[in-house]
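Have a look at upload37.cif below; it lists mmCIF, C-alpha atoms and all ligand atoms.
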data_run
loop_
_atom_site.label_atom_id
_atom_site.label_comp_id
_atom_site.auth_asym_id
_atom_site.auth_seq_id
_atom_site.Cartn_x
_atom_site.Cartn_y
_atom_site.Cartn_z
CA MET A 822 83.33 68.83 96.15
CA SER A 823 85.29 70.97 93.69
CA LYS A 824 88.41 72.70 94.98
CA GLY A 825 86.93 76.13 94.20
CA LEU A 826 83.83 75.55 96.31
CA PHE A 827 85.87 74.15 99.17
CA VAL A 828 87.95 77.33 99.25
CA VAL A 829 84.79 79.45 99.27
CA LEU A 830 83.30 77.56 102.19
CA ILE A 831 86.44 78.01 104.26
CA PHE A 832 86.54 81.69 103.37
CA LEU A 833 82.90 82.19 104.36
CA PHE A 834 83.53 80.47 107.65
CA ASN A 835 86.41 82.83 108.36
CA SER A 836 84.52 85.91 107.26
CA SER A 837 81.32 85.18 109.13
CA ILE A 838 82.71 87.06 112.14
CA ALA A 839 83.12 90.17 110.05
CA GLU A 840 79.75 91.83 110.52
CA ASN A 841 81.50 94.01 113.08
CA VAL A 842 85.06 95.20 113.07
CA ILE A 843 87.11 96.32 116.07
CA VAL A 844 89.33 99.30 115.36
CA ASN A 845 91.98 100.71 117.69
CA VAL A 846 91.38 104.45 117.21
CA PHE A 847 93.95 107.16 118.08
CA ASN A 848 96.31 104.21 117.58
CA ASP A 849 99.70 105.93 117.82
CA LYS A 850 98.75 108.50 120.48
CA LYS A 851 99.60 108.35 124.16
CA LEU A 852 96.24 109.57 125.46
CA GLN A 853 96.23 111.01 128.99
CA ILE A 854 92.99 113.00 129.18
CA ILE A 855 90.05 112.58 126.82
CA GLU A 856 86.48 113.87 126.62
CA VAL A 857 83.54 111.84 125.35
CA GLN A 858 80.33 113.60 124.39
CA PRO A 859 77.42 111.39 123.26
CA LEU A 860 75.26 113.28 120.75
CA ASN A 861 71.99 111.64 121.87
CA LEU A 862 70.75 109.60 124.84
CA ASN A 863 70.77 106.22 123.07
CA TYR A 864 73.59 104.68 125.12
CA ARG A 865 74.53 103.13 128.47
CA ILE A 866 77.85 103.20 130.25
CA CYS A 867 79.44 100.20 131.88
CA ILE A 868 82.05 101.18 134.47
CA ASP A 869 83.86 97.97 135.42
CA ASN A 870 80.83 95.86 136.43
CA ASP A 871 78.29 98.66 137.07
CA THR A 872 75.95 99.96 134.41
CA ILE A 873 74.80 103.57 134.59
CA GLU A 874 72.09 105.36 132.62
CA PRO A 875 72.85 108.33 130.39
CA GLN A 876 72.80 111.71 132.06
CA SER A 877 71.17 114.74 130.48
CA SER A 878 71.82 115.50 126.84
CA GLY A 879 75.00 117.43 126.18
CA THR A 880 76.87 115.71 129.03
CA ILE A 881 80.62 115.59 128.53
CA TYR A 882 82.44 112.74 130.26
CA GLN A 883 86.09 113.12 131.12
CA LEU A 884 88.52 110.18 131.34
CA VAL A 885 91.95 110.68 132.88
CA ALA A 886 94.70 108.03 132.89
CA ASP A 887 96.02 107.56 136.43
CA ASP A 888 98.53 104.80 137.26
CA ASP A 889 96.89 101.57 136.14
CA SER A 890 93.31 102.87 136.02
CA ILE A 891 91.10 105.65 134.65
CA ILE A 892 89.45 108.44 136.66
CA PHE A 893 85.98 108.93 135.22
CA SER A 894 83.90 112.06 135.74
CA SER A 895 81.14 114.03 134.06
CA ASN A 896 80.09 117.65 134.14
CA GLN A 897 77.69 116.63 136.92
CA ASN A 898 80.83 115.65 138.86
CA VAL A 899 80.34 111.90 139.22
CA VAL A 900 83.85 110.69 139.94
CA ARG A 901 84.79 107.02 139.78
CA ARG A 902 88.01 105.12 139.39
CA ALA A 903 87.79 102.20 136.98
CA LYS A 904 89.86 99.78 134.91
CA ARG A 905 87.51 99.68 131.95
CA ILE A 906 84.71 101.94 130.72
CA VAL A 907 82.40 100.93 127.88
CA PHE A 908 79.79 103.04 126.09
CA PHE A 909 77.40 100.53 124.57
CA ASN A 910 73.90 100.04 123.10
CA GLY A 911 75.55 102.58 120.93
CA TYR A 912 74.39 101.63 117.45
CA GLY A 913 72.52 104.78 116.62
CA CYS A 914 74.55 106.90 119.02
CA THR A 915 77.40 109.04 117.79
CA TYR A 916 80.15 110.24 120.14
CA ARG A 917 82.38 113.27 119.81
CA ILE A 918 85.77 112.20 121.13
CA LYS A 919 88.45 114.73 121.85
CA SER A 920 91.89 114.28 123.33
CA VAL A 921 92.72 117.09 125.77
CA GLU A 922 96.21 115.80 126.58
CA PRO A 923 97.80 115.59 124.08
CA ILE A 924 95.62 118.09 122.22
CA ILE A 925 94.00 116.41 119.22
CA GLU A 926 91.05 117.78 117.27
CA SER A 927 87.79 115.96 117.98
CA ASP A 928 86.30 113.32 115.66
CA LEU A 929 82.92 111.59 115.62
CA TYR A 930 82.64 107.85 116.25
CA GLU A 931 79.74 105.41 116.22
CA GLY A 932 79.19 101.92 117.63
CA ARG A 933 80.60 100.56 120.88
CA MET A 934 83.43 102.49 122.51
CA GLU A 935 85.70 100.80 125.03
CA PHE A 936 88.29 102.69 127.08
CA PHE A 937 90.92 101.06 129.27
CA ASN A 938 94.25 101.81 130.83
CA PHE A 939 97.15 100.39 128.86
CA TYR A 940 100.64 101.05 130.27
CA CYS A 941 99.45 104.31 131.90
CA ASN A 942 97.72 105.62 128.75
CA ILE A 943 94.09 105.37 127.64
CA LYS A 944 93.50 102.93 124.82
CA ILE A 945 90.28 103.13 122.77
CA LEU A 946 88.65 100.25 120.90
CA ASN A 947 85.75 101.10 118.61
CA SER A 948 83.55 98.19 117.54
CA LEU A 949 81.24 99.05 114.66
CA GLU A 950 79.39 97.59 111.72
CA LEU A 951 81.60 96.67 108.77
CA GLU A 952 79.79 98.90 106.26
CA ASP A 953 80.04 101.92 108.62
CA TYR A 954 83.77 101.27 108.99
CA ILE A 955 84.15 101.00 105.20
CA ALA A 956 82.35 104.33 104.69
CA GLY A 957 84.71 105.97 107.22
CA VAL A 958 87.79 104.57 105.46
CA VAL A 959 86.51 105.58 102.00
CA GLU A 960 85.98 109.14 103.24
CA ALA A 961 89.50 109.26 104.71
CA GLU A 962 91.18 107.67 101.66
CA ALA A 963 89.21 109.34 98.84
CA GLY A 964 87.66 112.61 100.06
CA PRO A 965 84.17 114.11 100.06
CA ARG A 966 83.05 115.29 96.57
CA LEU A 967 83.31 112.36 94.15
CA PRO A 968 80.85 110.39 92.00
CA LEU A 969 78.85 107.61 93.66
CA GLU A 970 80.24 105.07 91.19
CA TYR A 971 83.75 105.86 92.42
CA TYR A 972 82.70 105.44 96.07
CA LYS A 973 81.42 101.98 95.13
CA VAL A 974 84.83 101.11 93.63
CA GLN A 975 86.74 102.38 96.68
CA SER A 976 84.32 100.53 99.03
CA ILE A 977 85.06 97.21 97.29
CA ILE A 978 88.80 97.84 97.55
CA CYS A 979 88.48 98.69 101.24
CA ARG A 980 86.26 95.65 101.97
CA THR A 981 88.64 93.29 100.15
CA TYR A 982 91.48 94.64 102.26
CA ILE A 983 89.76 94.43 105.64
CA LEU A 984 88.38 90.91 105.09
CA GLY A 985 91.89 89.76 104.22
CA HIS A 986 93.42 91.45 107.28
CA LEU A 987 91.00 90.78 110.14
CA LYS A 988 93.78 89.05 112.08
CA ARG A 989 96.40 91.75 111.59
CA HIS A 990 96.21 92.86 115.25
CA GLU A 991 94.87 89.59 116.65
CA LEU A 992 97.43 89.49 119.46
CA GLU A 993 96.29 92.92 120.64
CA ASN A 994 92.59 91.87 120.66
CA TYR A 995 91.40 94.07 117.85
CA ASN A 996 91.18 93.72 114.06
CA VAL A 997 92.79 96.85 112.64
CA CYS A 998 94.44 100.10 113.67
CA ASP A 999 93.31 103.45 112.25
CA LYS A 1000 96.61 104.37 110.57
CA GLU A 1001 98.28 103.67 107.18
CA HIS A 1002 99.63 100.38 108.62
CA CYS A 1003 96.08 99.05 108.10
CA GLN A 1004 93.71 101.62 106.53
CA VAL A 1005 93.28 105.25 107.55
CA TYR A 1006 90.07 105.66 109.58
CA LYS A 1007 89.15 109.02 111.11
CA GLY A 1008 85.73 108.13 112.45
CA LYS A 1009 82.21 108.33 111.10
CA SER A 1010 81.68 109.37 107.48
CA MET A 1011 79.77 112.67 107.66
CA SER A 1012 80.60 114.74 104.59
CA ASN A 1013 78.58 113.13 101.78
CA PRO A 1014 75.68 110.62 102.04
CA ASP A 1015 76.90 109.00 98.76
CA ILE A 1016 79.89 107.56 100.66
CA GLN A 1017 77.63 105.52 102.97
CA LYS A 1018 75.48 104.64 99.96
CA GLY A 1019 78.54 103.38 98.02
CA ALA A 1020 79.41 101.01 100.90
CA LEU A 1021 75.83 99.71 101.23
CA LEU A 1022 75.23 99.28 97.48
CA THR A 1023 78.34 97.06 97.25
CA LYS A 1024 77.69 95.17 100.49
CA ASN A 1025 79.49 91.77 100.43
CA VAL A 1026 81.28 92.49 97.13
CA VAL A 1027 85.03 91.74 97.01
CA LEU A 1028 87.82 91.14 94.45
CA MET A 1029 89.26 87.64 94.11
CA ASP A 1030 91.77 85.69 92.03
CA ASN A 1031 91.05 82.51 90.04
CA ASP A 1032 91.33 80.33 93.16
CA LEU A 1033 88.91 82.61 95.01
CA ASN A 1034 91.48 84.16 97.32
CA LEU A 1035 91.08 87.84 98.12
CA ILE A 1036 93.54 89.87 96.04
CA THR A 1037 95.90 92.59 97.30
CA CYS A 1038 93.94 95.68 96.29
CA ALA A 1039 96.78 98.18 95.92
CA PHE A 1040 95.91 101.70 94.82
CA HIS A 1041 97.71 105.01 94.47
CA SER A 1042 96.91 108.63 93.61
CA ASN A 1043 98.02 108.92 89.94
CA CYS A 1044 100.04 106.52 87.76
CA GLY A 1045 101.28 109.20 85.34
CA GLY A 1046 99.91 107.28 82.34
CA GLU A 1047 101.22 103.78 83.06
CA THR A 1048 100.78 101.59 86.14
CA CYS A 1049 103.54 99.29 87.49
CA ASN A 1050 103.90 95.53 87.76
CA ALA A 1051 103.78 94.56 91.45
CA GLU A 1052 107.00 92.53 90.98
CA ASP A 1053 108.91 95.62 89.80
CA VAL A 1054 108.18 97.47 93.05
CA TRP A 1055 107.65 94.75 95.68
CA ASN A 1056 110.02 92.09 94.21
CA ARG A 1057 107.14 89.62 94.03
CA PRO A 1058 104.20 89.32 91.65
CA SER A 1059 100.66 89.71 92.93
CA PHE A 1060 97.49 88.63 91.15
CA GLY A 1061 95.84 91.33 89.03
CA LEU A 1062 98.60 93.88 89.59
CA LYS A 1063 100.04 94.18 86.08
CA SER A 1064 101.44 97.22 84.30
CA LYS A 1065 99.03 98.92 81.89
CA LYS A 1066 98.72 102.18 80.00
CA ASP A 1067 96.16 104.60 81.49
CA SER A 1068 94.91 107.62 79.57
CA PHE A 1069 92.30 108.69 82.15
CA CYS A 1070 94.67 110.36 84.65
CA LEU A 1071 96.86 112.42 82.30
CA LYS A 1072 95.17 115.78 82.90
CA GLN A 1073 94.45 115.32 86.60
CA ARG A 1074 95.95 117.18 89.57
CA ASN A 1075 98.81 114.78 90.35
CA ALA A 1076 99.72 113.95 86.73
CA LYS A 1077 102.98 115.93 86.77
CA TRP A 1078 105.71 117.11 89.10
CA GLU A 1079 109.06 118.87 88.78
CA LYS A 1080 112.18 119.22 90.85
CA ILE A 1081 115.58 120.85 90.33
CA ILE A 1082 118.69 119.33 91.93
CA SER A 1083 122.24 120.70 91.53
CA LYS A 1084 124.60 118.50 89.56
CA GLU A 1085 127.10 118.56 92.46
CA GLU A 1086 124.51 117.16 94.87
CA TRP A 1087 123.52 114.47 92.36
CA LYS A 1088 127.17 113.45 91.80
CA LYS A 1089 127.68 113.04 95.55
CA TYR A 1090 124.57 110.90 95.74
CA ILE A 1091 125.68 108.68 92.83
CA LEU A 1092 129.12 108.12 94.40
CA LYS A 1093 127.56 107.26 97.74
CA LYS A 1094 125.32 104.68 96.05
CA ASN A 1095 128.16 103.16 93.97
CA SER A 1096 131.15 102.62 96.24
CA ASN A 1097 133.18 101.08 93.38
CA LEU A 1098 132.96 104.27 91.29
CA ASP A 1099 135.14 107.34 91.68
CA SER A 1100 134.50 110.82 90.38
CA LEU A 1101 136.48 110.11 87.18
CA ASP A 1102 133.92 107.46 86.24
CA LEU A 1103 131.03 109.89 86.33
CA PRO A 1104 129.55 110.84 82.96
CA SER A 1105 129.49 114.47 81.88
CA ASN A 1106 125.80 114.24 81.09
CA PHE A 1107 123.21 112.71 83.44
CA SER A 1108 120.23 112.93 81.06
CA PHE A 1109 117.73 110.12 81.41
CA ILE A 1110 114.47 109.59 79.55
CA GLN A 1111 111.43 107.51 80.48
CA ILE A 1112 108.76 107.42 77.80
CA GLU A 1113 107.57 104.09 79.19
CA ARG A 1114 108.23 103.07 82.76
CA LYS A 1115 111.70 101.64 83.51
CA THR A 1116 112.89 100.04 86.74
CA LEU A 1117 116.51 101.31 86.68
CA TYR A 1118 118.19 104.68 86.36
CA GLN A 1119 121.02 103.81 83.99
CA VAL A 1120 123.65 106.24 82.66
CA ASP A 1121 127.05 104.85 81.55
CA LYS A 1122 128.23 102.58 84.41
CA ILE A 1123 125.61 103.89 86.81
CA LYS A 1124 122.64 101.69 87.68
CA ILE A 1125 120.30 102.50 90.56
CA PRO A 1126 116.80 101.07 91.07
CA LEU A 1127 114.30 103.89 90.52
CA LYS A 1128 112.34 102.88 93.63
CA GLU A 1129 115.48 103.52 95.70
CA ILE A 1130 115.89 106.99 94.19
CA ARG A 1131 112.24 107.79 94.91
CA LEU A 1132 112.66 106.77 98.54
CA ASP A 1133 116.00 108.58 99.02
CA TRP A 1134 114.78 111.88 97.55
CA GLY A 1135 111.10 111.73 98.53
CA PHE A 1136 110.03 112.00 94.87
CA LYS A 1137 106.32 111.66 94.14
CA SER A 1138 106.95 108.76 91.72
CA THR A 1139 109.63 106.70 89.95
CA PHE A 1140 108.27 107.80 86.56
CA PHE A 1141 110.62 110.72 85.83
CA SER A 1142 113.06 111.94 83.19
CA ILE A 1143 116.15 114.07 83.80
CA VAL A 1144 117.31 116.96 81.63
CA ASP A 1145 120.95 117.88 82.22
CA ASN A 1146 121.23 121.68 82.18
CA ASP A 1147 124.82 122.81 82.99
CA ASP A 1148 125.14 122.82 86.78
CA LYS A 1149 121.51 121.85 87.36
CA LEU A 1150 119.41 118.78 86.69
CA LEU A 1151 115.74 119.23 85.93
CA PHE A 1152 113.59 116.28 87.01
CA SER A 1153 110.22 116.15 85.29
CA GLY A 1154 108.02 113.48 86.75
CA LYS A 1155 104.67 111.89 86.07
CA GLY A 1156 102.16 110.60 88.62
CA PHE A 1157 102.06 110.32 92.42
CA GLY A 1158 102.45 107.09 94.41
CA HIS A 1159 103.89 103.60 93.94
CA GLY A 1160 101.96 103.08 90.71
CA ILE A 1161 100.61 99.60 91.53
CA GLY A 1162 96.94 98.65 91.03
CA LEU A 1163 94.17 101.22 90.76
CA CYS A 1164 95.04 104.80 89.82
CA GLN A 1165 92.61 106.88 91.91
CA GLU A 1166 92.56 110.01 89.73
CA GLY A 1167 92.11 107.89 86.58
CA ALA A 1168 89.31 105.87 88.21
CA ILE A 1169 87.56 109.06 89.42
CA ASN A 1170 87.74 110.46 85.89
CA MET A 1171 86.29 107.21 84.50
CA ALA A 1172 83.42 107.43 87.01
CA LYS A 1173 82.78 111.06 85.93
CA GLN A 1174 82.61 109.81 82.33
CA GLU A 1175 79.94 107.31 83.45
CA PHE A 1176 81.99 104.13 83.30
CA LEU A 1177 80.50 101.57 85.67
CA MET A 1178 82.09 100.11 88.78
CA ASN A 1179 82.87 96.76 87.13
CA GLU A 1180 84.43 98.42 84.09
CA ILE A 1181 86.67 100.56 86.30
CA LEU A 1182 87.79 97.60 88.46
CA HIS A 1183 88.52 95.39 85.42
CA TYR A 1184 90.46 98.25 83.81
CA TYR A 1185 92.96 98.45 86.69
CA TYR A 1186 92.93 94.91 88.17
CA LYS A 1187 93.74 92.39 85.43
CA ASP A 1188 91.59 89.24 85.28
CA VAL A 1189 90.04 89.70 88.76
CA THR A 1190 86.72 88.15 89.75
CA ILE A 1191 84.24 90.60 91.27
CA LEU A 1192 82.29 88.44 93.67
CA ASP A 1193 79.26 88.98 95.90
CA LEU A 1194 79.89 86.77 98.92
CA ASP A 1195 76.18 86.57 99.62
CA LYS A 1196 75.54 84.99 96.22
CA VAL A 1197 78.24 82.42 96.92
CA LYS A 1198 76.55 81.64 100.23
CA PHE A 1199 73.26 81.17 98.39
CA PHE A 1200 74.98 78.77 95.99
CA LYS A 1201 76.38 76.89 99.00
CA GLU A 1202 72.95 76.47 100.55
CA GLU A 1203 71.37 75.07 97.34
ZN ZN B 1 97.49 98.27 111.76
ZN ZN B 2 96.61 106.62 85.91
#

Go ahead and render the structure in this file as structure tokens.
Amino acid sequence: MSKGLFVVLIFLFNSSIAENVIVNVFNDKKLQIIEVQPLNLNYRICIDNDTIEPQSSGTIYQLVADDDSIIFSSNQNVVRRAKRIVFFNGYGCTYRIKSVEPIIESDLYEGRMEFFNFYCNIKILNSLELEDYIAGVVEAEAGPRLPLEYYKVQSIICRTYILGHLKRHELENYNVCDKEHCQVYKGKSMSNPDIQKGALLTKNVVLMDNDLNLITCAFHSNCGGETCNAEDVWNRPSFGLKSKKDSFCLKQRNAKWEKIISKEEWKKYILKKNSNLDSLDLPSNFSFIQIERKTLYQVDKIKIPLKEIRLDWGFKSTFFSIVDNDDKLLFSGKGFGHGIGLCQEGAINMAKQEFLMNEILHYYYKDVTILDLDKVKFFKEE
């Protein structure tokens, strides 16, 4: 058996559990009181070991954390105390879930919803089909009014990520959280049917390296005209994440930014960063030019990694030049984000110009293999 095929077989074995994904929703919130409103009657509720039928349509169930359990009631006043409440048979049922304490705007969820008391708060696990999860993430990460071809690209990125991170929260008994730590998920995709279509049309398609490992599918809002090498930002290389010039994002919303900082403030910052310098060592002119991306801000004896400056000042990118103007410094920057991998605004523009999904992915991810896992499975079965 060739090494490549062996790797694929192992990968398929690991990914065969991934038809559903378990997401911890409202991950960072300490939920005390929540309301669950099923939008149709296609569900059952399991309260500890008892199963109850749905009540009339429009019923709102209330769950209140109380010591180590949950007090469960509905607007027909059924009150029970339970450890665990599950809404199931729910594929096809959508739930409006709202936190009353703390107050959080309601979102719609689909699939199986499990509620239990966790250290005196209510924890929610949402188990749903992978493609539905992907559509929800694509809507949260990309927004509602984009070309279908772009939704296909973002779906593949999202799928590659989730299949590589199914064990990220293994110790907590779920796959992923709904925050930036994993991928942002705000519930069911509702705003544009093309988002769901993009996930389904690319079902099973992922990005891999030459050894058929899933790649790290980094992306950012706008590269400013040149993407970064992964090693220049993360201190380690990563397959496919190589710097390249990008002309597609130059006229987009996040292509440029500006900031003015007083020279006094900047001098203080430089001295704090370089403890071996004193004010006599500072240059009279702090001008700095980036035509192509650099990794260091360097003026006379001063050297500071640009990624540190971005973090310290909350700049949109590291791709900036400085014009020294008497007592002020004018920062003119390009792009928004870390600059690694796919540039979203460039990729959206490519999709609008009718470039195809594969062309867009190969443009931003160098030498990647775009692979349909189902076709590999077929090859395995031959
Ligand atoms: Zn997470
Ligand atoms: Zn770009």

One decimal, in Å: what's the spacing between atom CA of Asp1195 of chain A and atom CA of Leu1035 of chain A?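 These atoms are spaced 15.0 Å apart.
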
(message) Let me see if you get this right: every residue at most 7 Å from ligand ZN 1 (chain B), counting all atoms listed in the file, written as number ranges by chain.
(response) A: 989-990, 997-1000, 1002-1003

Could you give me, as a short mmCIF file (atom, residue, chain, number, x, y, z; two decimals) with C-alpha atoms, in the frame of the given file, the residues within 6 Å of Lys1009 of chain A, counting only C-alpha atoms and dropping anything in the same chain fewer than 6 positions from it?
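Output (result.cif):
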data_model
loop_
_atom_site.label_atom_id
_atom_site.label_comp_id
_atom_site.auth_asym_id
_atom_site.auth_seq_id
_atom_site.Cartn_x
_atom_site.Cartn_y
_atom_site.Cartn_z
CA LEU A 929 82.92 111.59 115.62
CA TYR A 930 82.64 107.85 116.25
CA GLY A 957 84.71 105.97 107.22
#

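Atom CA of Glu1079 of chain A lies 23.3 Å from atom CA of Asp1053 of chain A.
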
query: Got a sec: who's within 7 Å of Ile1082 of chain A, counting all atoms listed in the file, leaving out chain neighbours fewer than 3 positions off, as a list in words?
result: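 Residues near the query, excluding close chain neighbours: Glu1086, Trp1087, Lys1149, Leu1150 and Leu1151 of chain A.
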
From atom CA of Val921 of chain A to atom CA of Leu949 of chain A the spacing works out at 24.1 Å

Margin query: Give me the residues near Phe1140 of chain A as a ChimeraX atom specification, where near means some atom within 9 Å (using all atoms listed in the file) and where sequence neighbours in that chain fewer than 4 positions away do not count.
Written below: /A:1044-1045,1047,1111-1115,1127,1153-1157,1160

**Asked** Which residues sit within 7 Å of ligand ZN 2 (chain B), counting all atoms listed in the file, listed as a count of residues only?
**Response** 14

Please tabulate, as JSON lines, the residues of segment 1098-1203 of chain A that come within 9 Å of segment 1057-1061 of chain A, each with its closest pair of atoms and the distance in Å to one decimal, counting all atoms listed in the file and ordering rows by chain, then residue number upward.
{"residue": "A:Gly1162", "atom": "CA", "partner": "A:Gly1061", "partner_atom": "CA", "distance": 7.7}
{"residue": "A:Tyr1185", "atom": "CA", "partner": "A:Gly1061", "partner_atom": "CA", "distance": 8.0}
{"residue": "A:Tyr1186", "atom": "CA", "partner": "A:Gly1061", "partner_atom": "CA", "distance": 4.7}
{"residue": "A:Lys1187", "atom": "CA", "partner": "A:Gly1061", "partner_atom": "CA", "distance": 4.3}
{"residue": "A:Asp1188", "atom": "CA", "partner": "A:Gly1061", "partner_atom": "CA", "distance": 6.0}
{"residue": "A:Val1189", "atom": "CA", "partner": "A:Gly1061", "partner_atom": "CA", "distance": 6.0}
